[in-house]
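Listing of entry_7.txt, compact mmCIF, C-alpha atoms and all ligand atoms
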# COMPACT_ATOMS: atom_id res chain seq x y z
CA MET O 1 -10.54 27.38 -3.91
CA SER O 2 -13.63 28.40 -2.05
CA THR O 3 -15.69 25.86 -0.19
CA ASP O 4 -18.97 27.80 -0.38
CA VAL O 5 -20.52 25.00 -2.30
CA ASN O 6 -23.96 23.53 -2.26
CA VAL O 7 -23.10 19.87 -1.65
CA LYS O 8 -26.14 17.91 -0.59
CA MET O 9 -24.27 15.35 1.49
CA ASP O 10 -26.96 15.64 4.18
CA ALA O 11 -29.03 13.38 1.91
CA ILE O 12 -26.80 10.52 3.09
CA PRO O 13 -28.12 9.28 6.44
CA GLY O 14 -25.74 8.43 9.27
CA LEU O 15 -22.79 10.64 8.29
CA ASP O 16 -20.86 11.47 11.44
CA PRO O 17 -18.54 14.49 11.14
CA ASN O 18 -16.54 13.20 14.11
CA ALA O 19 -15.89 9.80 12.54
CA MET O 20 -12.72 9.16 10.54
CA PRO O 21 -12.71 10.27 6.90
CA LEU O 22 -11.90 6.71 5.82
CA GLN O 23 -11.79 3.30 7.46
CA VAL O 24 -11.31 0.07 5.54
CA LYS O 25 -12.18 -3.04 7.52
CA ASP O 26 -11.38 -6.61 6.48
CA LEU O 27 -11.90 -5.89 2.77
CA HIS O 28 -12.04 -8.87 0.42
CA VAL O 29 -12.06 -8.61 -3.39
CA GLU O 30 -11.91 -11.46 -5.87
CA PHE O 31 -11.81 -11.71 -9.65
CA ARG O 32 -13.76 -14.58 -11.17
CA THR O 33 -11.74 -15.55 -14.22
CA ARG O 34 -11.70 -18.48 -16.64
CA ASN O 35 -8.54 -19.69 -14.90
CA GLY O 36 -10.15 -19.68 -11.47
CA ILE O 37 -10.80 -17.21 -8.69
CA ALA O 38 -8.02 -14.66 -8.21
CA HIS O 39 -7.98 -13.58 -4.55
CA ALA O 40 -6.80 -10.02 -5.12
CA VAL O 41 -7.56 -8.48 -1.70
CA ASN O 42 -7.68 -10.71 1.35
CA GLY O 43 -8.75 -8.92 4.52
CA VAL O 44 -7.20 -5.47 4.12
CA SER O 45 -7.82 -3.01 6.98
CA PHE O 46 -6.56 0.51 7.64
CA ASP O 47 -7.71 3.86 9.04
CA LEU O 48 -7.11 7.36 7.78
CA GLN O 49 -7.17 10.37 10.11
CA PRO O 50 -7.82 13.93 8.86
CA GLY O 51 -4.66 15.32 7.28
CA GLU O 52 -2.86 11.96 7.48
CA THR O 53 -0.90 10.34 4.64
CA ARG O 54 -1.09 6.57 4.43
CA ALA O 55 1.19 4.90 1.90
CA ILE O 56 0.12 1.53 0.54
CA LEU O 57 3.19 -0.18 -0.77
CA GLY O 58 3.92 -3.36 -2.70
CA GLU O 59 4.86 -4.93 -6.02
CA SER O 60 2.51 -5.01 -9.04
CA GLY O 61 -0.36 -7.37 -8.45
CA CYS O 62 -0.27 -7.18 -4.63
CA GLY O 63 -3.80 -5.73 -4.51
CA LYS O 64 -3.03 -2.08 -3.76
CA SER O 65 -4.71 -0.58 -6.84
CA VAL O 66 -7.65 -3.01 -6.53
CA THR O 67 -8.12 -1.79 -2.94
CA ALA O 68 -8.24 1.80 -4.26
CA GLN O 69 -10.73 0.87 -6.98
CA ALA O 70 -12.94 -0.86 -4.40
CA ILE O 71 -12.88 2.26 -2.19
CA MET O 72 -13.84 4.42 -5.17
CA GLY O 73 -16.51 1.95 -6.32
CA ILE O 74 -14.97 1.69 -9.79
CA LEU O 75 -14.10 -2.03 -9.89
CA ASP O 76 -14.92 -3.74 -13.18
CA THR O 77 -17.79 -6.01 -12.11
CA PRO O 78 -17.70 -8.69 -13.44
CA PRO O 79 -15.05 -10.02 -13.14
CA GLY O 80 -14.19 -8.12 -9.89
CA PHE O 81 -16.41 -8.52 -6.81
CA VAL O 82 -16.16 -7.16 -3.29
CA THR O 83 -16.95 -10.27 -1.28
CA GLY O 84 -16.56 -8.97 2.27
CA GLY O 85 -15.66 -6.15 4.60
CA GLU O 86 -16.59 -2.52 5.06
CA ILE O 87 -15.44 0.80 3.57
CA LEU O 88 -16.53 3.56 5.94
CA TYR O 89 -16.62 7.24 5.01
CA ARG O 90 -17.39 9.29 8.16
CA GLY O 91 -18.96 6.20 9.69
CA VAL O 92 -21.15 5.25 6.70
CA ASP O 93 -20.43 1.98 4.89
CA LEU O 94 -20.08 2.93 1.22
CA LEU O 95 -20.64 -0.68 0.19
CA LYS O 96 -24.20 -0.47 1.49
CA LEU O 97 -25.10 2.84 -0.18
CA PRO O 98 -27.28 2.95 -3.29
CA GLU O 99 -25.19 3.83 -6.37
CA ALA O 100 -26.59 7.40 -6.64
CA GLN O 101 -25.44 8.24 -3.10
CA ARG O 102 -22.15 6.49 -3.58
CA ARG O 103 -21.53 8.59 -6.68
CA LYS O 104 -22.16 11.69 -4.58
CA VAL O 105 -19.44 10.66 -2.11
CA ARG O 106 -17.11 9.73 -4.96
CA ALA O 107 -17.54 13.08 -6.70
CA ASN O 108 -17.41 15.33 -3.66
CA LYS O 109 -15.56 13.67 -0.82
CA ILE O 110 -13.18 10.96 -2.05
CA ALA O 111 -11.25 11.68 -5.24
CA MET O 112 -8.58 9.75 -7.10
CA ILE O 113 -5.54 10.56 -9.22
CA PHE O 114 -4.72 7.84 -11.73
CA GLN O 115 -1.23 6.80 -12.78
CA ASP O 116 -1.62 7.43 -16.49
CA ALA O 117 -2.86 10.98 -17.00
CA LEU O 118 -2.89 10.67 -20.79
CA SER O 119 -5.43 7.85 -20.80
CA ALA O 120 -7.43 9.31 -17.90
CA LEU O 121 -8.00 12.60 -19.76
CA ASN O 122 -10.26 12.78 -22.80
CA PRO O 123 -8.08 13.66 -25.84
CA VAL O 124 -10.86 15.41 -27.79
CA PHE O 125 -11.76 18.04 -25.18
CA THR O 126 -9.66 20.90 -23.85
CA VAL O 127 -8.48 20.60 -20.25
CA GLY O 128 -10.61 23.65 -19.49
CA PHE O 129 -13.73 21.91 -20.77
CA GLN O 130 -12.98 18.79 -18.72
CA LEU O 131 -12.34 20.77 -15.55
CA GLY O 132 -15.28 23.05 -16.15
CA GLU O 133 -17.60 20.08 -16.64
CA LEU O 134 -17.03 19.12 -12.99
CA PHE O 135 -18.20 22.54 -11.82
CA ARG O 136 -21.11 22.68 -14.26
CA LYS O 137 -22.33 19.18 -13.38
CA HIS O 138 -21.71 19.08 -9.65
CA ARG O 139 -21.98 22.74 -8.69
CA GLY O 140 -24.47 23.96 -11.30
CA MET O 141 -22.13 26.78 -12.39
CA SER O 142 -22.46 28.76 -15.60
CA ARG O 143 -19.91 28.18 -18.38
CA LYS O 144 -18.21 31.49 -17.60
CA ASP O 145 -17.89 30.84 -13.85
CA ALA O 146 -16.76 27.24 -14.46
CA LYS O 147 -13.99 28.49 -16.78
CA ALA O 148 -12.86 31.07 -14.22
CA ARG O 149 -12.74 28.37 -11.54
CA SER O 150 -10.78 26.07 -13.90
CA ILE O 151 -8.16 28.78 -14.43
CA GLU O 152 -7.90 29.23 -10.64
CA LEU O 153 -7.31 25.50 -10.29
CA LEU O 154 -4.63 25.36 -12.99
CA ASP O 155 -2.93 28.25 -11.18
CA LEU O 156 -3.21 26.34 -7.91
CA VAL O 157 -1.33 23.34 -9.35
CA LYS O 158 1.29 25.76 -10.73
CA ILE O 159 0.64 25.41 -14.45
CA PRO O 160 2.24 28.50 -16.03
CA ALA O 161 0.04 30.75 -18.22
CA ALA O 162 -3.12 29.03 -16.95
CA ARG O 163 -5.39 31.54 -18.72
CA GLN O 164 -4.03 30.44 -22.12
CA ARG O 165 -3.42 26.79 -21.34
CA VAL O 166 -6.99 26.21 -20.17
CA ASN O 167 -7.92 26.19 -23.89
CA GLU O 168 -5.36 23.51 -24.83
CA TYR O 169 -5.81 19.76 -25.32
CA PRO O 170 -4.15 17.07 -23.15
CA HIS O 171 -1.60 16.13 -25.86
CA GLN O 172 -0.27 19.71 -25.78
CA PHE O 173 0.89 19.24 -22.17
CA SER O 174 4.07 17.46 -21.03
CA GLY O 175 3.74 14.35 -18.81
CA GLY O 176 4.38 16.34 -15.63
CA MET O 177 1.93 19.11 -16.62
CA ARG O 178 -0.74 16.52 -17.49
CA GLN O 179 -0.32 15.00 -14.03
CA ARG O 180 -0.82 18.50 -12.57
CA VAL O 181 -4.07 18.73 -14.58
CA MET O 182 -5.13 15.37 -13.05
CA ILE O 183 -4.39 16.72 -9.58
CA ALA O 184 -6.43 19.85 -10.39
CA MET O 185 -9.37 17.66 -11.48
CA ALA O 186 -9.13 15.55 -8.34
CA LEU O 187 -9.11 18.66 -6.13
CA ALA O 188 -11.84 20.50 -8.04
CA LEU O 189 -14.65 19.58 -5.66
CA ASP O 190 -12.62 19.95 -2.44
CA PRO O 191 -12.42 16.27 -1.44
CA GLU O 192 -11.61 15.23 2.13
CA VAL O 193 -9.76 12.12 0.97
CA LEU O 194 -7.46 11.90 -2.04
CA ILE O 195 -6.28 8.55 -3.37
CA ALA O 196 -3.17 8.87 -5.54
CA ASP O 197 -2.45 5.65 -7.45
CA GLU O 198 1.22 5.68 -8.49
CA PRO O 199 0.91 9.38 -9.37
CA THR O 200 4.54 9.74 -10.47
CA THR O 201 5.33 6.36 -12.05
CA ALA O 202 5.22 7.61 -15.64
CA LEU O 203 7.38 10.68 -14.91
CA ASP O 204 11.12 11.24 -14.81
CA VAL O 205 12.81 11.61 -11.43
CA THR O 206 13.00 15.41 -11.19
CA VAL O 207 9.35 15.83 -12.23
CA GLN O 208 8.40 13.06 -9.73
CA ALA O 209 9.89 15.11 -6.92
CA GLN O 210 8.03 18.25 -8.04
CA ILE O 211 4.68 16.43 -8.20
CA MET O 212 5.18 14.85 -4.77
CA ALA O 213 6.10 18.24 -3.30
CA LEU O 214 3.00 19.80 -4.88
CA LEU O 215 0.75 17.04 -3.50
CA ALA O 216 2.23 17.44 -0.02
CA GLU O 217 1.76 21.22 -0.14
CA LEU O 218 -1.87 21.01 -1.29
CA GLN O 219 -2.61 18.36 1.31
CA ARG O 220 -1.20 20.52 4.10
CA GLU O 221 -3.12 23.59 2.97
CA ARG O 222 -6.42 21.70 2.87
CA ASN O 223 -5.85 19.26 5.76
CA MET O 224 -6.79 16.53 3.29
CA SER O 225 -6.21 12.84 4.00
CA LEU O 226 -4.05 11.14 1.40
CA VAL O 227 -3.76 7.49 0.40
CA LEU O 228 -0.57 7.18 -1.62
CA ILE O 229 -0.29 3.95 -3.59
CA THR O 230 3.20 3.11 -4.79
CA HIS O 231 5.74 0.37 -5.38
CA ASP O 232 8.59 2.76 -4.60
CA MET O 233 9.82 2.98 -1.00
CA GLY O 234 11.97 5.95 -1.93
CA VAL O 235 8.86 8.00 -2.77
CA VAL O 236 7.09 7.52 0.57
CA ALA O 237 9.91 8.26 3.03
CA ASP O 238 9.41 12.03 3.01
CA VAL O 239 5.64 12.24 2.70
CA ALA O 240 3.91 9.34 4.50
CA ASP O 241 2.87 9.22 8.17
CA ARG O 242 2.06 5.50 8.15
CA ILE O 243 2.78 2.67 5.73
CA SER O 244 0.77 -0.46 4.94
CA VAL O 245 2.94 -2.96 3.08
CA MET O 246 0.90 -5.37 0.96
CA TYR O 247 1.78 -8.81 -0.36
CA ALA O 248 -0.57 -11.24 -2.14
CA GLY O 249 -3.61 -9.18 -1.22
CA ARG O 250 -2.81 -8.84 2.50
CA VAL O 251 -1.31 -6.08 4.62
CA ILE O 252 1.78 -7.86 5.95
CA GLU O 253 3.24 -4.95 7.89
CA GLU O 254 1.64 -1.73 9.13
CA ALA O 255 3.53 0.93 11.05
CA PRO O 256 4.54 4.58 11.36
CA VAL O 257 6.93 5.42 8.54
CA ASN O 258 9.99 6.01 10.75
CA ASP O 259 9.61 2.63 12.49
CA ILE O 260 9.55 0.78 9.20
CA TYR O 261 12.64 2.52 7.86
CA ALA O 262 14.51 2.08 11.17
CA SER O 263 13.84 -1.65 11.59
CA PRO O 264 11.44 -3.53 9.30
CA ALA O 265 9.67 -6.42 11.05
CA HIS O 266 8.70 -8.43 7.95
CA PRO O 267 11.26 -9.99 5.58
CA TYR O 268 9.38 -8.64 2.56
CA THR O 269 9.56 -5.05 3.87
CA LYS O 270 13.21 -5.62 4.67
CA GLY O 271 13.80 -6.86 1.08
CA LEU O 272 12.06 -3.79 -0.36
CA LEU O 273 14.23 -1.49 1.75
CA GLU O 274 17.42 -3.32 0.81
CA SER O 275 16.58 -2.95 -2.88
CA ILE O 276 16.58 0.89 -2.75
CA PRO O 277 19.76 2.12 -4.51
CA ARG O 278 22.09 3.90 -2.02
CA LEU O 279 24.84 6.36 -2.86
CA ASP O 280 26.97 5.21 0.11
CA LEU O 281 27.02 1.67 -1.29
CA LYS O 282 28.29 2.69 -4.72
CA GLY O 283 29.90 -0.17 -6.63
CA GLN O 284 28.10 -2.89 -4.66
CA GLU O 285 25.58 -5.16 -6.33
CA LEU O 286 21.97 -4.02 -5.79
CA SER O 287 20.02 -6.41 -3.59
CA ALA O 288 16.78 -7.89 -4.99
CA ILE O 289 14.02 -10.08 -3.56
CA LYS O 290 14.42 -13.43 -5.29
CA GLY O 291 11.53 -15.10 -7.09
CA LEU O 292 8.23 -13.70 -8.28
CA PRO O 293 5.03 -12.59 -6.54
CA PRO O 294 2.50 -15.45 -6.30
CA VAL O 295 -0.24 -16.11 -8.84
CA LEU O 296 -3.40 -14.92 -7.12
CA THR O 297 -5.40 -17.99 -8.22
CA ASN O 298 -2.89 -20.14 -6.34
CA ILE O 299 -1.53 -18.32 -3.28
CA PRO O 300 0.95 -20.46 -1.28
CA ARG O 301 -0.37 -22.00 1.95
CA GLY O 302 0.66 -20.64 5.31
CA CYS O 303 2.70 -17.51 4.67
CA ALA O 304 2.27 -16.42 1.04
CA PHE O 305 5.83 -15.06 1.07
CA ASN O 306 7.43 -18.36 2.15
CA PRO O 307 8.84 -19.45 -1.28
CA ARG O 308 10.86 -16.20 -1.45
CA CYS O 309 11.73 -15.79 2.21
CA ARG O 310 15.25 -16.28 3.59
CA TYR O 311 13.87 -16.70 7.13
CA ALA O 312 11.25 -19.36 6.21
CA GLN O 313 10.90 -22.47 8.38
CA ASP O 314 8.49 -25.41 8.30
CA VAL O 315 5.81 -23.61 10.30
CA CYS O 316 5.62 -20.97 7.54
CA ARG O 317 4.58 -23.52 4.89
CA HIS O 318 1.41 -24.79 6.53
CA ASP O 319 -2.04 -23.42 7.20
CA PRO O 320 -3.42 -21.44 8.91
CA PRO O 321 -2.20 -18.16 7.41
CA VAL O 322 0.21 -16.20 9.61
CA PRO O 323 -1.67 -13.95 12.06
CA LEU O 324 -0.85 -10.25 12.44
CA TYR O 325 1.49 -10.00 15.44
CA GLN O 326 1.45 -6.86 17.57
CA VAL O 327 5.04 -5.64 17.26
CA SER O 328 4.36 -2.49 19.30
CA SER O 329 1.29 -0.47 20.26
CA ALA O 330 1.30 1.23 16.83
CA ARG O 331 2.62 -1.57 14.68
CA THR O 332 1.75 -5.04 13.34
CA ALA O 333 3.54 -7.61 11.17
CA ALA O 334 2.43 -10.96 9.71
CA CYS O 335 5.60 -12.91 10.38
CA HIS O 336 6.23 -15.68 12.94
CA PHE O 337 9.83 -14.53 13.25
CA TRP O 338 9.39 -10.76 13.34
CA LYS O 339 11.69 -10.40 16.39
CA GLU O 340 14.55 -12.05 14.53
CA VAL O 341 13.89 -10.05 11.37
CA LYS O 342 13.80 -6.81 13.34
CA GLY O 343 16.99 -7.72 15.15
CA ASP O 344 15.36 -7.99 18.59
CA GLU O 345 16.55 -11.60 19.03
FE1 LIG J 1 9.21 -15.58 6.14
FE2 LIG J 1 7.96 -17.32 7.72
FE3 LIG J 1 7.92 -14.73 8.30
FE4 LIG J 1 6.57 -15.67 6.22
S1 LIG J 1 6.20 -16.13 8.37
S2 LIG J 1 7.80 -13.88 6.25
S3 LIG J 1 7.94 -17.25 5.47
S4 LIG J 1 9.71 -16.07 8.24
Since I need it in another form, could you write the structure as structure tokens?
Amino acid sequence: MSTDVNVKMDAIPGLDPNAMPLQVKDLHVEFRTRNGIAHAVNGVSFDLQPGETRAILGESGCGKSVTAQAIMGILDTPPGFVTGGEILYRGVDLLKLPEAQRRKVRANKIAMIFQDALSALNPVFTVGFQLGELFRKHRGMSRKDAKARSIELLDLVKIPAARQRVNEYPHQFSGGMRQRVMIAMALALDPEVLIADEPTTALDVTVQAQIMALLAELQRERNMSLVLITHDMGVVADVADRISVMYAGRVIEEAPVNDIYASPAHPYTKGLLESIPRLDLKGQELSAIKGLPPVLTNIPRGCAFNPRCRYAQDVCRHDPPVPLYQVSSARTAACHFWKEVKGDE
């Protein structure tokens, strides 16, 4: 894809090309519901360097997708509200931008792939029309040029017979091919940051591997930064540079991927790793983290993980919340007993 595009990002004051593509600082999001306030995101922070892949990992309801929606500015408000923090794109806080400018960043610089391609695509328009609309709207291209660019994109994401398939409707594509169309749409405007929210959850295992390989290849070619949201530790091992593990709306461990796999410093991370099926342990019962994630309107005091934690002691059950301990220069964990968990004591 060419990048000779007329993107008027200079209309956004303060953009610093030397600043990081994405920085999230102390982000707070709550949902005001009839049953009370659900504290969905409670002080999430992370950075994203050019070309870096950051996996955000955790069970359903831990706040990972809500974090992504807040970054994209697509939270349902009400009931969802960003109540604190900053989301910086190249040094500019997106939360302070007027909606028109924010939309410009969303369309051109930070794109998202959703987990369910079938509901994200419009069933009554061909994929070519939906792709072409991006070029017509955001690049002012003619119908003919937009169609040619759409075919190029379908080729790029390795959809066979792109010239014919550009005229087909979403239901005529298999699940894996639809997800490729979603990737094509996300890449259409050459974003610097791509957020992939469980991009392979709805697919079978072999197609999952193909989609992850495609994403990694496209990211490398374009030096794009990738935020990969997943509940599956198996998916991130090969592709992520750093991992943020989330629980009850907080990042409870943050580290380079190899460190986490070698010796997790938080019992929750350790539980997630132990629950990955392993061929060398065939015949043994699969380990699982006991209990359920907390209800976000009533998060346990102290450490939110304490009711499920095999290392918990009295200190874990009382306020204040557990601070983030510096495990190493590149690594933090929110556990009083991280040394014991890691096996250092
Ligand atoms: Fe478990 Fe306590 Fe560590 Fe929380 S702080 S993870 S309850 S040991």
So that I can see what lies close to stretch 27-35 of chain O, please list as a JSON list (two decimals) with C-alpha atoms, in the frame of the given file the residues with an atom at most 6 Å from it, counting all atoms listed in the file and leaving out residues fewer than 4 positions away in the same chain.
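See out-v2.json below for the written result:
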[["chain", "number", "residue", "atom", "x", "y", "z"],
["O", 39, "HIS", "CA", -7.98, -13.58, -4.55],
["O", 40, "ALA", "CA", -6.80, -10.02, -5.12],
["O", 41, "VAL", "CA", -7.56, -8.48, -1.70],
["O", 42, "ASN", "CA", -7.68, -10.71, 1.35],
["O", 43, "GLY", "CA", -8.75, -8.92, 4.52],
["O", 44, "VAL", "CA", -7.20, -5.47, 4.12],
["O", 79, "PRO", "CA", -15.05, -10.02, -13.14],
["O", 80, "GLY", "CA", -14.19, -8.12, -9.89],
["O", 81, "PHE", "CA", -16.41, -8.52, -6.81],
["O", 82, "VAL", "CA", -16.16, -7.16, -3.29],
["O", 83, "THR", "CA", -16.95, -10.27, -1.28],
["O", 84, "GLY", "CA", -16.56, -8.97, 2.27],
["O", 85, "GLY", "CA", -15.66, -6.15, 4.60]]
Using only C-alpha atoms and all ligand atoms, determine which residues fall within 7 Å of ligand LIG 1 (chain J), then list them as an mmCIF file with C-alpha atoms, keeping the file's coordinate frame.
data_model
loop_
_atom_site.group_PDB
_atom_site.id
_atom_site.type_symbol
_atom_site.label_atom_id
_atom_site.label_comp_id
_atom_site.auth_asym_id
_atom_site.auth_seq_id
_atom_site.Cartn_x
_atom_site.Cartn_y
_atom_site.Cartn_z
ATOM 1 C CA HIS O 266 8.700 -8.430 7.950
ATOM 2 C CA PRO O 267 11.260 -9.990 5.580
ATOM 3 C CA TYR O 268 9.380 -8.640 2.560
ATOM 4 C CA CYS O 303 2.700 -17.510 4.670
ATOM 5 C CA ALA O 304 2.270 -16.420 1.040
ATOM 6 C CA PHE O 305 5.830 -15.060 1.070
ATOM 7 C CA ASN O 306 7.430 -18.360 2.150
ATOM 8 C CA CYS O 309 11.730 -15.790 2.210
ATOM 9 C CA ARG O 310 15.250 -16.280 3.590
ATOM 10 C CA TYR O 311 13.870 -16.700 7.130
ATOM 11 C CA ALA O 312 11.250 -19.360 6.210
ATOM 12 C CA GLN O 313 10.900 -22.470 8.380
ATOM 13 C CA CYS O 316 5.620 -20.970 7.540
ATOM 14 C CA VAL O 322 0.210 -16.200 9.610
ATOM 15 C CA ALA O 334 2.430 -10.960 9.710
ATOM 16 C CA CYS O 335 5.600 -12.910 10.380
ATOM 17 C CA HIS O 336 6.230 -15.680 12.940
ATOM 18 C CA PHE O 337 9.830 -14.530 13.250
ATOM 19 C CA TRP O 338 9.390 -10.760 13.340
#
Fill in: Test item: residues at most 12 Å from stretch 72-78 of chain O, only C-alpha atoms, excluding those fewer than 3 positions along its chain, as a count of residues only
49
Fill in: Å distance separating atom CA of O:Ala213 from atom CA of O:Phe125, one decimal place
28.2 Å
Worksheet item: Taking all atoms listed in the file into account, which of O:Asp16, O:Glu52, O:Glu198, O:Asp26 comes nearest O:Met233?
Response: O:Glu198
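In this model, the gap between atom CA of O:Leu214 and atom CA of O:Lys158 comes to 8.5 Å.
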Worksheet item: From the set O:Gly234, O:Gly302, O:Gly14, O:Gly128, which residue has the shortest atom-to-atom contact distance to O:Ala162, counting all atoms listed in the file?
Response: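 Residue with the minimum atom-to-atom distance to O:Ala162: O:Gly128.
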Practice prompt. Measuring atom to atom with all atoms listed in the file, identify which of O:Ala188, O:Ala161, O:Ala265, O:Asp238 is nearest to O:Gly132.
Written response: O:Ala188
Practice prompt. Could you tell me how far atom CA of O:Gly63 lies from atom CA of O:Ala248, in Å and to one decimal?
Written response: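 Those two atoms sit 6.8 Å apart.
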Tell me, as a JSON list (two decimals) with C-alpha atoms, in the frame of the given file, which residues lie within 12 Å of O:Arg136, counting all atoms listed in the file; anything in the same chain fewer than 4 positions away does not count.
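Okay, out_35.json is ready:
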[["chain", "number", "residue", "atom", "x", "y", "z"],
["O", 128, "GLY", "CA", -10.61, 23.65, -19.49],
["O", 129, "PHE", "CA", -13.73, 21.91, -20.77],
["O", 130, "GLN", "CA", -12.98, 18.79, -18.72],
["O", 131, "LEU", "CA", -12.34, 20.77, -15.55],
["O", 132, "GLY", "CA", -15.28, 23.05, -16.15],
["O", 140, "GLY", "CA", -24.47, 23.96, -11.30],
["O", 141, "MET", "CA", -22.13, 26.78, -12.39],
["O", 142, "SER", "CA", -22.46, 28.76, -15.60],
["O", 143, "ARG", "CA", -19.91, 28.18, -18.38],
["O", 144, "LYS", "CA", -18.21, 31.49, -17.60],
["O", 145, "ASP", "CA", -17.89, 30.84, -13.85],
["O", 146, "ALA", "CA", -16.76, 27.24, -14.46],
["O", 147, "LYS", "CA", -13.99, 28.49, -16.78],
["O", 148, "ALA", "CA", -12.86, 31.07, -14.22],
["O", 149, "ARG", "CA", -12.74, 28.37, -11.54],
["O", 150, "SER", "CA", -10.78, 26.07, -13.90],
["O", 188, "ALA", "CA", -11.84, 20.50, -8.04],
["O", 189, "LEU", "CA", -14.65, 19.58, -5.66]]
Worksheet entry | Best match for closeness to O:Pro199 among O:Asp232, O:His171, O:Ser263, O:Ile12, counting only C-alpha atoms |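 Selected residue with least distance to O:Pro199: O:Asp232.
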Practice prompt. Would you list the residues near (10.4, 15.1, -11.6), meaning any protein, DNA or RNA residue with an atom at most 12 Å from that point in file coordinates, counting all atoms listed in the file, as a PyMOL selection string?
Written response: chain O and resi 174-177+179-180+199-214+235
Calculate, to one decimal in Å, the centre and edge lengths of the box along x, y and z of the file that holds all listed atoms of stretch 161-171 of chain O with 4 Å of margin on each side, and present them as AutoDock Vina command-line options.
--center_x -3.9 --center_y 23.8 --center_z -21.4 --size_x 16.0 --size_y 23.4 --size_z 16.9
Worksheet item: Which one of O:Arg178, O:Arg317, O:Arg250, O:Arg139 sits closest to O:Pro123 if you count all atoms listed in the file?
Response: O:Arg178
Worksheet item: At most 12 Å from (-0.5, -1.6, 4.0), file frame, all atoms listed in the file: which residues, as number ranges by chain?
Response: O: 24, 41-48, 53-59, 62-65, 67-68, 227-231, 240, 242-257, 260, 269, 331-334
Store the residues picked out above, limited to C-alpha atoms, as a tab-separated table (two decimals), keeping the file's coordinate frame.
chain	number	residue	atom	x	y	z
O	24	VAL	CA	-11.31	0.07	5.54
O	41	VAL	CA	-7.56	-8.48	-1.70
O	42	ASN	CA	-7.68	-10.71	1.35
O	43	GLY	CA	-8.75	-8.92	4.52
O	44	VAL	CA	-7.20	-5.47	4.12
O	45	SER	CA	-7.82	-3.01	6.98
O	46	PHE	CA	-6.56	0.51	7.64
O	47	ASP	CA	-7.71	3.86	9.04
O	48	LEU	CA	-7.11	7.36	7.78
O	53	THR	CA	-0.90	10.34	4.64
O	54	ARG	CA	-1.09	6.57	4.43
O	55	ALA	CA	1.19	4.90	1.90
O	56	ILE	CA	0.12	1.53	0.54
O	57	LEU	CA	3.19	-0.18	-0.77
O	58	GLY	CA	3.92	-3.36	-2.70
O	59	GLU	CA	4.86	-4.93	-6.02
O	62	CYS	CA	-0.27	-7.18	-4.63
O	63	GLY	CA	-3.80	-5.73	-4.51
O	64	LYS	CA	-3.03	-2.08	-3.76
O	65	SER	CA	-4.71	-0.58	-6.84
O	67	THR	CA	-8.12	-1.79	-2.94
O	68	ALA	CA	-8.24	1.80	-4.26
O	227	VAL	CA	-3.76	7.49	0.40
O	228	LEU	CA	-0.57	7.18	-1.62
O	229	ILE	CA	-0.29	3.95	-3.59
O	230	THR	CA	3.20	3.11	-4.79
O	231	HIS	CA	5.74	0.37	-5.38
O	240	ALA	CA	3.91	9.34	4.50
O	242	ARG	CA	2.06	5.50	8.15
O	243	ILE	CA	2.78	2.67	5.73
O	244	SER	CA	0.77	-0.46	4.94
O	245	VAL	CA	2.94	-2.96	3.08
O	246	MET	CA	0.90	-5.37	0.96
O	247	TYR	CA	1.78	-8.81	-0.36
O	248	ALA	CA	-0.57	-11.24	-2.14
O	249	GLY	CA	-3.61	-9.18	-1.22
O	250	ARG	CA	-2.81	-8.84	2.50
O	251	VAL	CA	-1.31	-6.08	4.62
O	252	ILE	CA	1.78	-7.86	5.95
O	253	GLU	CA	3.24	-4.95	7.89
O	254	GLU	CA	1.64	-1.73	9.13
O	255	ALA	CA	3.53	0.93	11.05
O	256	PRO	CA	4.54	4.58	11.36
O	257	VAL	CA	6.93	5.42	8.54
O	260	ILE	CA	9.55	0.78	9.20
O	269	THR	CA	9.56	-5.05	3.87
O	331	ARG	CA	2.62	-1.57	14.68
O	332	THR	CA	1.75	-5.04	13.34
O	333	ALA	CA	3.54	-7.61	11.17
O	334	ALA	CA	2.43	-10.96	9.71
